[in-house]
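Only one structure is covered here, and it is reproduced in the block below.
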Amino acid sequence: MASVADSAESANSKKPSDSAFKQQKLPAWQPILTAGTVLPTFFVIGIAFIPIGIGLLYFSDEVKEFIHDYTDCNRTIPLNSDKYHYKEANQTCINYLKTKAADDNAKCYCHIKFTLTENFGGTVYMYYGLSNFYQNHRRYVKSRDDNQLLGNLGSDPSHDCKPFDYDTVDNSKKPIAPCGAIANSMFNDSLHFSISVSNQWIDVPLINTGIAWDSDKNIKFRNPAGDLKEALSRYTKPKAWNRSVFELDPEQPDNNGFQNEDLIVWMRTAAFPTFRKLYRRIDHSQKYFIEGLMKGDYLLIVEYNYDVSQFDGSKKMILSTTSLLGGKNPFLGIAYIVVGVACLVLGIALLLIHIKCGKSTSEMINVNPRTPYQ
């Protein structure tokens with residue numbers, strides 16, 4: 001009877017089992033930091049990091065980049081429906097769009113001439129850049145409906161999309177697709193540019209596919225089954241858009257809907273208020289552009305729609321090549337060099353201190369109350 005009670009008591013006991021792990025009896029190793037272990041570590045880090053930093057800077061410098069800020073570009077008026085013949089108005093597009101705010105069809109164009117002073121060899125990409133735009137704001141990042149972006153349109157828009165979840169159209173309330181602040185604020189300037197060859201302007205061929213991550217286009221964004229326009233018939237476009245999601249790219253039906261790559265690129269929010277996003281790829285299969293972009297005179301034509309004056313921002317057009325490590329980013333190389341130099345300097349300083357004032361390992365270990373303090 002007593003044995004049964006003892007077993008029941010042991011079963012209900014909160015005492016941990018007598019194992020090395022639960023009784024904290026596992027073997028442990030505590031390193032002893034001495035000059036013989038610390039100083040070589042500093043020197044190894046310094047000697048390794050400096051060449052790595054120099055290599056990173058070299059690859060970053062190999063990237064060619066051209067940046068043009070067109071925020072305050074002057075409005076131009078095309079002549080005789082020819083985009084290469086125009087006259088310049090004494091008014092910026094920002095001011096023009098403010099005066100024409102009531103006219104939904106108001107458009108403003110900028111013709112900007114620029115010069116590439118060197119050849120851009122290899123694959124060339126076109127980016128747009130924005131500044132002072134906080135895509136990393138918590139409420140902004142949450143303002144989307146991922147279920148809707150997957151093509152599941154059976155339910156109402158997510159509460160996270162408010163106040164960009166519904167809009168009034170013809171006195172009736174309709175849900176918005178795609179809903180949310182991110183989609184509503186999508187960049188909508190149109191950028192095209194041409195090169196002057198033998199006193200003639202030749203359009204630079206731009207490709208608007210292959211600019212989004214494959215994982216985004218194939219996993220995170222899906223179009224609803226069946227006819228896209230019919231599936232979105234009970235939805236309306238975001239409030240700030242000029243066209244519906246099923247007609248974002250009239251020339252390529254496969255690039256419409258939630259799988260439009262301009263939309264996908266924009267929906268991947270940036271971590272910093274100054275950022276750039278991939279806009280187009282240069283088609284290097286065409287004549288004059290097989291080896292990249294030639295140096296020379298260019299004409300950038302901007303259909304100016306995106307108002308950055310509301311948040312005191314700026315807009316840029318960026319042409320850039322890439323290297324083995326991606327785009328131009330000297331920060332990482334500089335960081336490696338700084339850390340490497342700091343480790344070398346600290347290593348030399350500590351070595352001098354150790355030579356002058358250091359003690360042997362045995363002297364440091366064999367310390368007792370009678371050992372004199374020095």
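Please note that chains go A, B, ... in the order of the structure tokens, that every chain numbers its residues from 1, and that ligands are numbered from 1 in the order shown.
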Report task. Just the residues within 10 Å of segment 342-359 of chain A, please, counting only C-alpha atoms, with nothing from its chain fewer than 4 positions along; format it as a list in words. Result -> Thr34, Ala35, Gly36, Val38, Leu39, Pro40, Thr41, Phe42, Phe43, Val44, Ile45, Gly46, Ile47, Phe49, Ile50, Tyr336, Ile337, Val338, Glu363, Met364 and Gln374 of chain A
Query raised in the report: Which residues come within 12 Å of segment 129-137 of chain A, counting only C-alpha atoms, excluding same-chain residues fewer than 3 positions away, as a ChimeraX atom specification?
Result: /A:66-71,126,140-143,181-183,185-187,189,266-279,306-319
Query - Non-local contacts of segment 238-242 of chain A (8 Å; only C-alpha atoms; under 4 positions in same chain excluded) as a ChimeraX atom specification - result: /A:104,164,167,176-179,183-185
Limited to N, CA, C and O atoms, could you put the picked residues into a file as a tab-separated table (two decimals), in the first residue's frame?
chain	number	residue	atom	x	y	z
A	104	ASP	N	-10.38	65.74	-65.14
A	104	ASP	CA	-9.77	64.42	-65.01
A	104	ASP	C	-8.92	64.04	-66.21
A	104	ASP	O	-8.05	63.19	-66.11
A	164	PHE	N	-9.90	53.18	-48.24
A	164	PHE	CA	-9.80	52.92	-49.68
A	164	PHE	C	-10.38	51.55	-50.01
A	164	PHE	O	-9.82	50.81	-50.82
A	167	ASP	N	-15.98	52.89	-52.96
A	167	ASP	CA	-16.11	54.18	-53.61
A	167	ASP	C	-17.52	54.28	-54.19
A	167	ASP	O	-18.14	53.26	-54.53
A	176	ILE	N	-13.62	48.42	-54.05
A	176	ILE	CA	-12.48	48.79	-54.88
A	176	ILE	C	-11.57	47.58	-55.05
A	176	ILE	O	-11.35	46.81	-54.12
A	177	ALA	N	-11.05	47.41	-56.25
A	177	ALA	CA	-10.07	46.36	-56.52
A	177	ALA	C	-8.97	46.93	-57.43
A	177	ALA	O	-9.27	47.44	-58.51
A	178	PRO	N	-7.73	46.87	-57.01
A	178	PRO	CA	-7.23	46.44	-55.70
A	178	PRO	C	-7.44	47.53	-54.66
A	178	PRO	O	-7.27	48.71	-54.96
A	179	CYS	N	-7.82	47.14	-53.47
A	179	CYS	CA	-8.14	48.11	-52.43
A	179	CYS	C	-6.89	48.46	-51.62
A	179	CYS	O	-5.86	47.78	-51.71
A	183	ALA	N	-2.09	50.44	-53.20
A	183	ALA	CA	-2.53	50.43	-54.60
A	183	ALA	C	-3.03	51.80	-55.03
A	183	ALA	O	-2.76	52.24	-56.17
A	184	ASN	N	-3.74	52.52	-54.14
A	184	ASN	CA	-4.29	53.82	-54.51
A	184	ASN	C	-3.21	54.83	-54.86
A	184	ASN	O	-3.41	55.70	-55.70
A	185	SER	N	-2.04	54.71	-54.22
A	185	SER	CA	-0.96	55.68	-54.44
A	185	SER	C	0.06	55.20	-55.46
A	185	SER	O	1.18	55.70	-55.49
**Report entry** Test item: residues at most 9 Å from Asp297 of chain A, only C-alpha atoms, excluding those fewer than 3 positions along its chain, as a PyMOL selection string
**Finding:** chain A and resi 113-117+194-197
Query raised in the report: Would you give me, as a PyMOL selection string, the residues in segment 173-356 of chain A that DSSP reads as alpha helix (DSSP H)?
Result: chain A and resi 181-184+214-215+228-231+261-267+330-356
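Among A:Arg234, A:Lys64, A:Lys229, A:Lys107, the residue with the shortest atom-to-atom distance to Gly154 of chain A, counting only C-alpha atoms, is A:Arg234.
Distance-wise, atom CA of Lys98 of chain A and atom CA of Ser190 of chain A end up 18.6 Å apart.
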Query raised in the report: Taking only C-alpha atoms into account, which of A:Leu57, A:Leu79, A:Ile207, A:Leu300 comes nearest Gln252 of chain A?
Result: A:Ile207
Query raised in the report: Any idea what's packed within 6 Å of Gly151 of chain A, counting only C-alpha atoms, ignoring anything in its chain fewer than 5 positions away? Could you give it as a PyMOL selection string?
Result: chain A and resi 222-224
Requested in this report: From a DSSP calculation on the backbone, collect every residue of segment 49-254 of chain A in strand (DSSP E or B) and output the set as a ChimeraX atom specification.
Outcome: /A:65-69,74-79,82-92,108-116,120-121,125-131,166-169,172-176,190-197,200-203,206-207,236
